[in-house]
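File shown: data-v5.cif (mmCIF, C-alpha atoms).
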```cif
data_protein
loop_
_atom_site.group_PDB
_atom_site.id
_atom_site.type_symbol
_atom_site.label_atom_id
_atom_site.label_comp_id
_atom_site.auth_asym_id
_atom_site.auth_seq_id
_atom_site.Cartn_x
_atom_site.Cartn_y
_atom_site.Cartn_z
ATOM 1 C CA MET A 150 72.140 94.989 139.032
ATOM 2 C CA ALA A 151 73.902 97.587 141.146
ATOM 3 C CA PRO A 152 75.229 100.749 139.447
ATOM 4 C CA TRP A 153 78.881 99.815 140.086
ATOM 5 C CA ASP A 154 78.269 96.439 138.442
ATOM 6 C CA ARG A 155 76.894 98.154 135.337
ATOM 7 C CA CYS A 156 79.951 100.383 135.252
ATOM 8 C CA ARG A 157 82.220 97.331 135.487
ATOM 9 C CA VAL A 158 80.349 95.640 132.606
ATOM 10 C CA TRP A 159 80.629 98.757 130.418
ATOM 11 C CA ARG A 160 84.328 99.124 131.213
ATOM 12 C CA GLY A 161 84.877 95.471 130.274
ATOM 13 C CA LEU A 162 82.951 95.899 127.019
ATOM 14 C CA VAL A 163 84.801 99.091 126.088
ATOM 15 C CA TRP A 164 88.158 97.486 126.925
ATOM 16 C CA SER A 165 87.318 94.403 124.829
ATOM 17 C CA LEU A 166 86.334 96.541 121.834
ATOM 18 C CA PHE A 167 89.477 98.641 122.205
ATOM 19 C CA ALA A 168 91.687 95.530 122.383
ATOM 20 C CA PHE A 169 90.002 94.042 119.308
ATOM 21 C CA TYR A 170 90.392 97.177 117.169
ATOM 22 C CA ALA A 171 93.921 97.876 118.398
ATOM 23 C CA THR A 172 94.913 94.320 117.470
ATOM 24 C CA PHE A 173 93.192 94.584 114.094
ATOM 25 C CA LEU A 174 94.690 97.970 113.212
ATOM 26 C CA LEU A 175 98.171 97.571 114.668
ATOM 27 C CA ILE A 176 99.004 93.912 114.198
ATOM 28 C CA THR A 177 97.073 92.881 111.097
ATOM 29 C CA PRO A 178 99.000 94.074 108.043
ATOM 30 C CA GLY A 179 97.174 96.165 105.489
ATOM 31 C CA ALA A 180 96.165 94.800 102.145
ATOM 32 C CA LEU A 181 98.836 94.937 99.474
ATOM 33 C CA LYS A 182 98.029 97.533 96.815
ATOM 34 C CA PHE A 183 99.531 99.183 93.758
ATOM 35 C CA LEU A 184 100.393 102.860 94.170
ATOM 36 C CA GLN A 185 99.359 103.828 90.627
ATOM 37 C CA ASP A 186 96.555 102.786 88.332
ATOM 38 C CA PRO A 187 97.710 101.108 85.129
ATOM 39 C CA PRO A 188 97.684 103.118 81.917
ATOM 40 C CA LEU A 189 94.805 101.956 79.737
ATOM 41 C CA VAL A 190 96.689 102.549 76.498
ATOM 42 C CA GLN A 191 100.318 103.240 75.686
ATOM 43 C CA VAL A 192 101.494 104.159 72.208
ATOM 44 C CA SER A 193 105.149 104.011 71.241
ATOM 45 C CA LEU A 194 107.441 103.724 68.244
ATOM 46 C CA VAL A 195 109.505 100.703 67.270
ATOM 47 C CA GLY A 196 112.946 100.990 68.843
ATOM 48 C CA TRP A 197 111.766 103.150 71.754
ATOM 49 C CA THR A 198 111.097 102.199 75.373
ATOM 50 C CA VAL A 199 107.992 102.049 77.542
ATOM 51 C CA ASP A 200 107.611 101.793 81.330
ATOM 52 C CA TYR A 201 105.172 99.763 83.408
ATOM 53 C CA ASN A 202 105.066 101.016 86.975
ATOM 54 C CA CYS A 203 104.188 98.088 89.239
ATOM 55 C CA THR A 204 105.123 99.902 92.452
ATOM 56 C CA THR A 205 103.259 98.688 95.534
ATOM 57 C CA ASP A 206 102.945 99.991 99.075
ATOM 58 C CA ASP A 207 105.350 97.178 100.080
ATOM 59 C CA PRO A 208 108.840 97.790 98.630
ATOM 60 C CA SER A 209 109.833 94.194 99.425
ATOM 61 C CA ALA A 210 106.971 92.678 97.380
ATOM 62 C CA THR A 211 107.976 90.657 94.335
ATOM 63 C CA VAL A 212 106.544 92.064 91.110
ATOM 64 C CA SER A 213 106.055 90.431 87.717
ATOM 65 C CA LEU A 214 105.031 91.776 84.336
ATOM 66 C CA LEU A 215 102.506 89.618 82.489
ATOM 67 C CA TYR A 216 102.001 89.687 78.716
ATOM 68 C CA SER A 217 99.431 88.368 76.265
ATOM 69 C CA ARG A 218 99.396 88.915 72.525
ATOM 70 C CA ASN A 219 95.597 88.482 72.424
ATOM 71 C CA PHE A 220 92.989 89.824 74.828
ATOM 72 C CA GLY A 221 91.438 87.205 77.101
ATOM 73 C CA ILE A 222 94.077 84.580 76.338
ATOM 74 C CA SER A 223 96.354 83.353 79.126
ATOM 75 C CA TYR A 224 99.185 85.619 80.189
ATOM 76 C CA SER A 225 102.829 84.655 80.434
ATOM 77 C CA VAL A 226 105.334 86.065 82.897
ATOM 78 C CA LEU A 227 108.065 88.071 81.186
ATOM 79 C CA GLN A 228 111.600 87.483 82.423
ATOM 80 C CA ALA A 229 113.954 90.409 82.961
ATOM 81 C CA SER A 230 116.845 90.573 80.502
ATOM 82 C CA PRO A 231 119.385 93.340 79.860
ATOM 83 C CA ASN A 232 118.473 93.809 76.192
ATOM 84 C CA LYS A 233 114.691 93.606 76.452
ATOM 85 C CA LEU A 234 113.130 94.006 79.910
ATOM 86 C CA LEU A 235 114.724 95.943 82.742
ATOM 87 C CA LEU A 236 113.492 95.982 86.347
ATOM 88 C CA ARG A 237 114.432 98.865 88.654
ATOM 89 C CA LYS A 238 112.823 98.619 92.077
ATOM 90 C CA GLN A 239 109.238 97.802 91.017
ATOM 91 C CA VAL A 240 109.212 99.511 87.609
ATOM 92 C CA PHE A 241 109.631 97.522 84.402
ATOM 93 C CA THR A 242 111.084 99.109 81.256
ATOM 94 C CA LEU A 243 110.621 97.425 77.889
ATOM 95 C CA VAL A 244 113.528 98.480 75.659
ATOM 96 C CA ASN A 245 114.233 98.172 71.951
ATOM 97 C CA LEU A 246 110.552 97.690 71.161
ATOM 98 C CA ILE A 247 109.577 95.662 68.110
ATOM 99 C CA LEU A 248 106.115 95.262 66.575
ATOM 100 C CA SER A 249 105.553 91.896 68.266
ATOM 101 C CA ASP A 250 105.859 93.598 71.683
ATOM 102 C CA GLY A 251 102.437 95.108 71.105
ATOM 103 C CA GLY A 252 99.717 93.479 73.168
ATOM 104 C CA TYR A 253 98.215 93.356 76.620
ATOM 105 C CA TYR A 254 100.204 93.852 79.818
ATOM 106 C CA LYS A 255 99.436 93.728 83.511
ATOM 107 C CA CYS A 256 101.381 93.722 86.745
ATOM 108 C CA LYS A 257 101.258 91.092 89.446
ATOM 109 C CA ALA A 258 102.701 91.458 92.954
ATOM 110 C CA THR A 259 103.222 89.062 95.858
ATOM 111 C CA ASP A 260 104.218 90.090 99.362
ATOM 112 C CA GLN A 261 106.188 88.044 101.891
ATOM 113 C CA SER A 262 103.001 86.636 103.453
ATOM 114 C CA GLY A 263 101.952 85.206 100.070
ATOM 115 C CA GLN A 264 99.203 87.723 99.335
ATOM 116 C CA THR A 265 99.011 88.183 95.552
ATOM 117 C CA ILE A 266 97.352 90.993 93.615
ATOM 118 C CA GLN A 267 97.288 92.008 89.969
ATOM 119 C CA TRP A 268 96.030 94.956 87.983
ATOM 120 C CA ASN A 269 92.245 94.826 87.713
ATOM 121 C CA ARG A 270 92.467 95.875 84.059
ATOM 122 C CA VAL A 271 94.985 95.437 81.293
ATOM 123 C CA SER A 272 97.210 98.013 79.668
ATOM 124 C CA VAL A 273 97.274 97.884 75.878
ATOM 125 C CA LEU A 274 100.528 98.668 74.078
ATOM 126 C CA PHE A 275 100.225 99.860 70.475
ATOM 127 C CA LEU A 276 103.393 100.173 68.402
ATOM 128 C CA GLN A 277 104.012 102.087 65.210
ATOM 129 C CA ALA A 278 106.868 101.716 62.791
ATOM 130 C CA GLY A 279 109.297 104.657 62.749
ATOM 131 C CA LEU A 280 108.514 107.781 60.783
#
```

Is it possible to give me this structure as structure tokens?
Amino acid sequence: MAPWDRCRVWRGLVWSLFAFYATFLLITPGALKFLQDPPLVQVSLVGWTVDYNCTTDDPSATVSLLYSRNFGISYSVLQASPNKLLLRKQVFTLVNLILSDGGYYKCKATDQSGQTIQWNRVSVLFLQAGL
């Protein structure tokens, strides 16, 4: 093979690799991720509030707060309501806590492409009666 043919082959290979990586990095969206790790344990008093920050790197992602009274049992999606669960941007605030709010919480997020993620561990909420 003549030297100029080798050069042409290398240029073609380099251009193909560049096109592949440019397409992968610029066109393929990044994986959806939470911006903060979940708190392992939260302790609060009855009547107080507690926040669960489910903020992702995609502000348009839909977030949900999941709850289970018992560890390892199926989780239910909590619905926002003005007197119990507030949602501002991607942060949930549980208000007017009662003892039965204690349990296991985790966030779930879904972006517009349908990619869904959830916290890889649960956050335990312990409640104490007032002093």

Chain and number of each residue from the PyMOL selection byres ((chain A and resi 260) around 8), as a ChimeraX atom specification = /A:181,207,209-211,258-259,261-265

Report, as JSON, the centre and edge lengths in Å (one decimal) of the axis-aligned box enclosing every listed atom of stretch 251-255 of chain A, padded by 6 Å on each side.
```
{"center_x": 100.3, "center_y": 94.2, "center_z": 77.3, "size_x": 16.2, "size_y": 13.8, "size_z": 24.4}
```

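Applied to the shown file, the PyMOL selection byres ((chain A and resi 275) around 9) selects the residues A:Val190, A:Gln191, A:Val192, A:Ser193, A:Leu194, A:Leu248, A:Asp250, A:Gly251, A:Gly252, A:Val273, A:Leu274, A:Leu276, A:Gln277.
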
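The shell of residues at most 8 Å from A:Gln185, with all atoms listed in the file counted and near chain neighbours (fewer than 5 positions) removed, consists of Asn202, Cys203 and Thr204 of chain A.
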
Let's have the selection written as a tab-separated table (two decimals), in the coordinates of the input, with C-alpha atoms.
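again_22.tsv, freshly written:
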```tsv
chain	number	residue	atom	x	y	z
A	202	ASN	CA	105.07	101.02	86.98
A	203	CYS	CA	104.19	98.09	89.24
A	204	THR	CA	105.12	99.90	92.45
```

Chain and number of each residue from the PyMOL selection byres ((chain A and resi 233) around 7), as a PyMOL selection string | chain A and resi 230-232+234-235+243-245

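Minimum distance to A:Phe241 across A:Tyr253, A:Leu215, A:Leu184, A:Val195 (counting all atoms listed in the file) occurs at A:Leu215.
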
Within-10 Å shell of (102.1, 99.9, 85.0) in input frame, only C-alpha atoms, as a ChimeraX atom specification | /A:183-189,199-204,214,239-242,254-257,268,271-272
